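One structure is given below, encoded as structure tokens.
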Amino acid sequence: MANFAPTSHALYAENASDVCIVFTDIVGFSSIAMDISPRSVMDMLQDIFSRFDELCDVHGVLKLETIGDAYICCTNLMEDDDDDDEDGGVQDAAARALAMAKDMVIEATNVRIPGRKRGDDATTLGETLQIRVGIHVGDVTCGVLGQRLPKFTTCGTAVNMAARMEQTSQPGRIRVTKDFHDAVGNVEKGWSEEEVIPLKNMGSVKTYMLNPMRGQS
């Protein structure tokens with residue numbers, strides 16, 4: 001038997017501040033996946049994730065990972081100092097994260113659900129996907145873990161908070177924390193009224209919602 005010497009040291013690790021984390025998932029994914037073939041599920045995910053990958057390039061966003069139907073990305077992490085704008089800072093990173101999230105909500109509606117129709121008329125366009133989005137800004141710990149298929153990963157309270165924002169969001173909407181809302185500043189004026197929501201182990205959290213589809217034809 002070959003000798004195996006596991007290591008307790010991460011291949012790479014660091015802390016990062018003011019990272020804007022974007023979490024998304026597909027509304028009703030479990031029921032959709034039950035109604036179509038495994039290949040159709042994979043094709044559908046490939047379609048939407050490829051669109052999101054392209055949006056990352058457009059907005060200067062770092063893709064972190066996909067987990068099932070969830071897509072996670074961020075700004076202000078592992079970005080070149082030469083690309084930083086002295087006048088932008090955290091607000092620039094937040095603005096790019098929000099622009100990414102808004103385009104993701106809109107782009108998802110261009111992905112058809114295989115086999116689903118909006119009506120009885122077979123000539124109508126197929127039903128399309130919707131996503132929920134959550135965003136938070138805060139400090140994270142990141143690094144590369146694992147000996148087999150090493151993987152870049154992020155963790156920390158800020159990551160958990162972004163995930164909670166997504167879980168409590170609504171179809172076609174973006175929910176953000178007050179920290180992120182304040183970081184964006186006057187770049188966005190379409191927010192809902194402030195809403196305080198209870199989160200397990202996190203207490204009451206001030207949040208805002210945004211509907212990127214408002215005004216879309």
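Going through the structure tokens in order, the chains are called A, B, and so on, while each chain numbers its residues from 1 and the ligands are numbered from 1 in the order shown.
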
Could you pull the residues within 6 Å of stretch 134-142 of chain A, counting only C-alpha atoms, minus those fewer than 3 positions along the same chain, as a PDB file with N, CA, C and O atoms, in the first residue's frame?
```
ATOM      1  N   ALA A  13      -3.582  30.925   1.368  1.00  0.00           N
ATOM      2  CA  ALA A  13      -4.630  31.475   2.232  1.00  0.00           C
ATOM      3  C   ALA A  13      -4.357  32.945   2.505  1.00  0.00           C
ATOM      4  O   ALA A  13      -3.191  33.365   2.616  1.00  0.00           O
ATOM      5  N   GLU A  14      -5.434  33.727   2.591  1.00  0.00           N
ATOM      6  CA  GLU A  14      -5.312  35.134   2.954  1.00  0.00           C
ATOM      7  C   GLU A  14      -6.665  35.679   3.383  1.00  0.00           C
ATOM      8  O   GLU A  14      -7.720  35.078   3.096  1.00  0.00           O
ATOM      9  N   ASN A  15      -6.644  36.802   4.077  1.00  0.00           N
ATOM     10  CA  ASN A  15      -7.859  37.520   4.423  1.00  0.00           C
ATOM     11  C   ASN A  15      -8.035  38.685   3.465  1.00  0.00           C
ATOM     12  O   ASN A  15      -7.050  39.273   2.999  1.00  0.00           O
ATOM     13  N   ALA A  16      -9.274  39.021   3.164  1.00  0.00           N
ATOM     14  CA  ALA A  16      -9.565  40.128   2.261  1.00  0.00           C
ATOM     15  C   ALA A  16     -10.709  40.956   2.833  1.00  0.00           C
ATOM     16  O   ALA A  16     -11.644  40.405   3.418  1.00  0.00           O
ATOM     17  N   SER A  17     -10.638  42.261   2.644  1.00  0.00           N
ATOM     18  CA  SER A  17     -11.642  43.178   3.191  1.00  0.00           C
ATOM     19  C   SER A  17     -12.524  43.745   2.088  1.00  0.00           C
ATOM     20  O   SER A  17     -12.107  43.860   0.927  1.00  0.00           O
ATOM     21  N   ASP A  18     -13.743  44.095   2.472  1.00  0.00           N
ATOM     22  CA  ASP A  18     -14.683  44.796   1.581  1.00  0.00           C
ATOM     23  C   ASP A  18     -14.927  44.051   0.275  1.00  0.00           C
ATOM     24  O   ASP A  18     -14.967  44.632  -0.808  1.00  0.00           O
ATOM     25  N   VAL A  19     -15.089  42.732   0.393  1.00  0.00           N
ATOM     26  CA  VAL A  19     -15.408  41.909  -0.778  1.00  0.00           C
ATOM     27  C   VAL A  19     -16.923  41.901  -0.974  1.00  0.00           C
ATOM     28  O   VAL A  19     -17.680  41.665  -0.033  1.00  0.00           O
ATOM     29  N   CYS A  20     -17.372  42.171  -2.195  1.00  0.00           N
ATOM     30  CA  CYS A  20     -18.811  42.172  -2.525  1.00  0.00           C
ATOM     31  C   CYS A  20     -19.164  40.803  -3.090  1.00  0.00           C
ATOM     32  O   CYS A  20     -18.691  40.432  -4.167  1.00  0.00           O
ATOM     33  N   ILE A  21     -19.989  40.062  -2.370  1.00  0.00           N
ATOM     34  CA  ILE A  21     -20.286  38.676  -2.717  1.00  0.00           C
ATOM     35  C   ILE A  21     -21.703  38.568  -3.269  1.00  0.00           C
ATOM     36  O   ILE A  21     -22.664  39.031  -2.640  1.00  0.00           O
ATOM     37  N   VAL A  22     -21.838  37.948  -4.431  1.00  0.00           N
ATOM     38  CA  VAL A  22     -23.130  37.786  -5.112  1.00  0.00           C
ATOM     39  C   VAL A  22     -23.492  36.304  -5.145  1.00  0.00           C
ATOM     40  O   VAL A  22     -22.739  35.494  -5.694  1.00  0.00           O
ATOM     41  N   PHE A  23     -24.638  35.969  -4.558  1.00  0.00           N
ATOM     42  CA  PHE A  23     -25.168  34.600  -4.580  1.00  0.00           C
ATOM     43  C   PHE A  23     -26.430  34.592  -5.437  1.00  0.00           C
ATOM     44  O   PHE A  23     -27.283  35.470  -5.310  1.00  0.00           O
ATOM     45  N   THR A 153     -11.483  28.610  -2.502  1.00  0.00           N
ATOM     46  CA  THR A 153     -12.732  28.733  -1.762  1.00  0.00           C
ATOM     47  C   THR A 153     -12.709  29.965  -0.877  1.00  0.00           C
ATOM     48  O   THR A 153     -11.635  30.489  -0.539  1.00  0.00           O
ATOM     49  N   THR A 154     -13.888  30.449  -0.519  1.00  0.00           N
ATOM     50  CA  THR A 154     -14.018  31.582   0.387  1.00  0.00           C
ATOM     51  C   THR A 154     -14.926  31.181   1.541  1.00  0.00           C
ATOM     52  O   THR A 154     -15.821  30.349   1.379  1.00  0.00           O
ATOM     53  N   CYS A 155     -14.701  31.774   2.698  1.00  0.00           N
ATOM     54  CA  CYS A 155     -15.537  31.475   3.846  1.00  0.00           C
ATOM     55  C   CYS A 155     -15.573  32.672   4.788  1.00  0.00           C
ATOM     56  O   CYS A 155     -14.799  33.621   4.637  1.00  0.00           O
ATOM     57  N   GLY A 156     -16.477  32.613   5.752  1.00  0.00           N
ATOM     58  CA  GLY A 156     -16.597  33.688   6.720  1.00  0.00           C
ATOM     59  C   GLY A 156     -18.031  34.152   6.857  1.00  0.00           C
ATOM     60  O   GLY A 156     -18.915  33.770   6.081  1.00  0.00           O
ATOM     61  N   ALA A 158     -19.333  36.982   6.199  1.00  0.00           N
ATOM     62  CA  ALA A 158     -19.806  37.753   5.049  1.00  0.00           C
ATOM     63  C   ALA A 158     -20.354  36.842   3.957  1.00  0.00           C
ATOM     64  O   ALA A 158     -21.355  37.158   3.307  1.00  0.00           O
ATOM     65  N   ALA A 162     -24.312  36.771   2.623  1.00  0.00           N
ATOM     66  CA  ALA A 162     -24.729  36.874   1.223  1.00  0.00           C
ATOM     67  C   ALA A 162     -25.654  35.724   0.854  1.00  0.00           C
ATOM     68  O   ALA A 162     -26.651  35.907   0.146  1.00  0.00           O
ATOM     69  N   MET A 165     -29.051  36.380   2.210  1.00  0.00           N
ATOM     70  CA  MET A 165     -29.764  37.375   1.408  1.00  0.00           C
ATOM     71  C   MET A 165     -30.422  36.710   0.195  1.00  0.00           C
ATOM     72  O   MET A 165     -31.555  37.025  -0.164  1.00  0.00           O
ATOM     73  N   GLU A 166     -29.695  35.784  -0.418  1.00  0.00           N
ATOM     74  CA  GLU A 166     -30.272  35.062  -1.565  1.00  0.00           C
ATOM     75  C   GLU A 166     -31.441  34.185  -1.128  1.00  0.00           C
ATOM     76  O   GLU A 166     -32.488  34.145  -1.790  1.00  0.00           O
ATOM     77  N   ILE A 174     -33.401  41.193  -6.165  1.00  0.00           N
ATOM     78  CA  ILE A 174     -32.094  41.220  -5.514  1.00  0.00           C
ATOM     79  C   ILE A 174     -32.292  41.743  -4.096  1.00  0.00           C
ATOM     80  O   ILE A 174     -32.839  42.832  -3.915  1.00  0.00           O
ATOM     81  N   ARG A 175     -31.872  40.956  -3.102  1.00  0.00           N
ATOM     82  CA  ARG A 175     -31.900  41.444  -1.719  1.00  0.00           C
ATOM     83  C   ARG A 175     -30.466  41.704  -1.266  1.00  0.00           C
ATOM     84  O   ARG A 175     -29.587  40.869  -1.466  1.00  0.00           O
ATOM     85  N   VAL A 176     -30.258  42.863  -0.642  1.00  0.00           N
ATOM     86  CA  VAL A 176     -28.918  43.233  -0.178  1.00  0.00           C
ATOM     87  C   VAL A 176     -28.979  43.691   1.270  1.00  0.00           C
ATOM     88  O   VAL A 176     -30.026  44.119   1.761  1.00  0.00           O
ATOM     89  N   THR A 177     -27.848  43.615   1.939  1.00  0.00           N
ATOM     90  CA  THR A 177     -27.751  44.138   3.296  1.00  0.00           C
ATOM     91  C   THR A 177     -27.604  45.656   3.255  1.00  0.00           C
ATOM     92  O   THR A 177     -27.262  46.247   2.226  1.00  0.00           O
ATOM     93  N   PHE A 180     -24.154  46.733   2.122  1.00  0.00           N
ATOM     94  CA  PHE A 180     -23.959  46.804   0.676  1.00  0.00           C
ATOM     95  C   PHE A 180     -24.720  47.986   0.086  1.00  0.00           C
ATOM     96  O   PHE A 180     -24.192  48.702  -0.779  1.00  0.00           O
TER      97      PHE A 180
END
```

Using the chain letters and numbers from this document, which residues of stretch 69-171 of chain A does DSSP assign to alpha helix (DSSP H), as a count of residues only? 31

So that I can check the surroundings of stretch 182-189 of chain A, please list as a count of residues only every protein, DNA and RNA residue that reaches within 6 Å of it, counting only C-alpha atoms and ignoring chain neighbours fewer than 6 positions away. 3

As an exercise, work out the distance from atom CA of A:Arg112 to atom CA of A:Pro171 in Å and give it to one decimal place. 15.8 Å

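Each of A:Leu11, A:Arg214, A:Lys102, A:Gly172 was checked against A:Leu149 using only C-alpha atoms; the smallest atom-to-atom distance is that of A:Leu11.
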
Could you give me the residues within stretch 17-59 of chain A that DSSP places in strand (DSSP E), as a PyMOL selection string? chain A and resi 17-26

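Ranking A:Asp103, A:Asp35, A:Met213, A:Trp191 by their shortest atom-to-atom distance to A:Glu54, with only C-alpha atoms included, puts A:Asp103 first.
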
Coordinates-based distance that separates atom CA of A:Asp69 from atom CA of A:Arg51 (Å, one decimal): 13.7 Å

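Between atom CA of A:Met209 and atom CA of A:Ser169 the interatomic distance comes to 7.8 Å.
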
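Of the listed residues (A:Val90, A:Ala163, A:Ala70, A:Met44), A:Val90 comes nearest to A:His181; the distances count only C-alpha atoms.
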
Neighbours of A:Ile26 within 8 Å (only C-alpha atoms; same-chain residues fewer than 2 positions away dropped), as a JSON list (two decimals) with N, CA and C atoms, in the first residue's frame?
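Output (part-v6.json):
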```
[["chain", "number", "residue", "atom", "x", "y", "z"],
["A", 24, "THR", "N", -26.57, 33.57, -6.29],
["A", 24, "THR", "CA", -27.81, 33.40, -7.04],
["A", 24, "THR", "C", -28.22, 31.93, -7.03],
["A", 28, "GLY", "N", -37.32, 27.32, -8.25],
["A", 28, "GLY", "CA", -38.00, 26.08, -8.61],
["A", 28, "GLY", "C", -37.13, 25.06, -9.29],
["A", 29, "PHE", "N", -35.81, 25.13, -9.05],
["A", 29, "PHE", "CA", -34.91, 24.23, -9.78],
["A", 29, "PHE", "C", -35.21, 22.75, -9.51],
["A", 69, "ASP", "N", -27.42, 24.44, -8.72],
["A", 69, "ASP", "CA", -27.96, 25.52, -9.53],
["A", 69, "ASP", "C", -27.53, 26.90, -9.04],
["A", 70, "ALA", "N", -26.66, 26.94, -8.03],
["A", 70, "ALA", "CA", -26.20, 28.22, -7.48],
["A", 70, "ALA", "C", -24.95, 28.70, -8.20],
["A", 129, "LEU", "N", -36.43, 30.82, -17.24],
["A", 129, "LEU", "CA", -35.94, 30.74, -15.87],
["A", 129, "LEU", "C", -36.07, 32.08, -15.14],
["A", 130, "GLN", "N", -36.14, 31.98, -13.81],
["A", 130, "GLN", "CA", -36.01, 33.12, -12.93],
["A", 130, "GLN", "C", -34.98, 32.77, -11.87],
["A", 131, "ILE", "N", -34.27, 33.78, -11.40],
["A", 131, "ILE", "CA", -33.32, 33.55, -10.32],
["A", 131, "ILE", "C", -33.62, 34.49, -9.15],
["A", 132, "ARG", "N", -33.11, 34.10, -7.99],
["A", 132, "ARG", "CA", -33.08, 34.97, -6.81],
["A", 132, "ARG", "C", -31.63, 35.39, -6.60]]
```

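Of the residues listed (A:Leu199, A:Arg96, A:Val144, A:Leu210), A:Val144 shows the shortest atom-to-atom separation from A:Leu64; distances use only C-alpha atoms.
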
Neighbours of A:Ile197 within 9 Å (only C-alpha atoms; same-chain residues fewer than 2 positions away dropped), as a ChimeraX atom specification? /A:168,195,199,203-207

Spatial neighbours of A:Lys63, 8 Å, only C-alpha atoms, chain gap at least 5 places, as a short mmCIF file (atom, residue, chain, number, x, y, z; two decimals) with N, CA and C atoms, in the first residue's frame:
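So the final result, stored in out.cif, reads:
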```
data_model
loop_
_atom_site.label_atom_id
_atom_site.label_comp_id
_atom_site.auth_asym_id
_atom_site.auth_seq_id
_atom_site.Cartn_x
_atom_site.Cartn_y
_atom_site.Cartn_z
N ASP A 53 -20.96 33.67 -17.05
CA ASP A 53 -19.51 33.78 -17.23
C ASP A 53 -19.16 34.98 -18.12
N CYS A 56 -19.49 38.17 -16.25
CA CYS A 56 -18.33 38.41 -15.38
C CYS A 56 -17.26 39.20 -16.13
N ILE A 72 -21.96 31.70 -7.77
CA ILE A 72 -21.41 32.61 -6.78
C ILE A 72 -20.24 33.38 -7.40
N CYS A 73 -20.26 34.69 -7.25
CA CYS A 73 -19.20 35.52 -7.81
C CYS A 73 -18.97 36.72 -6.89
N CYS A 74 -17.93 37.51 -7.18
CA CYS A 74 -17.63 38.62 -6.28
C CYS A 74 -16.81 39.69 -6.98
#
```

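Proximity to A:Gly68 was assessed for A:Thr109, A:Gln147, A:Asn211, A:Gln46 counting only C-alpha atoms; the smallest distance is recorded for A:Gln46.
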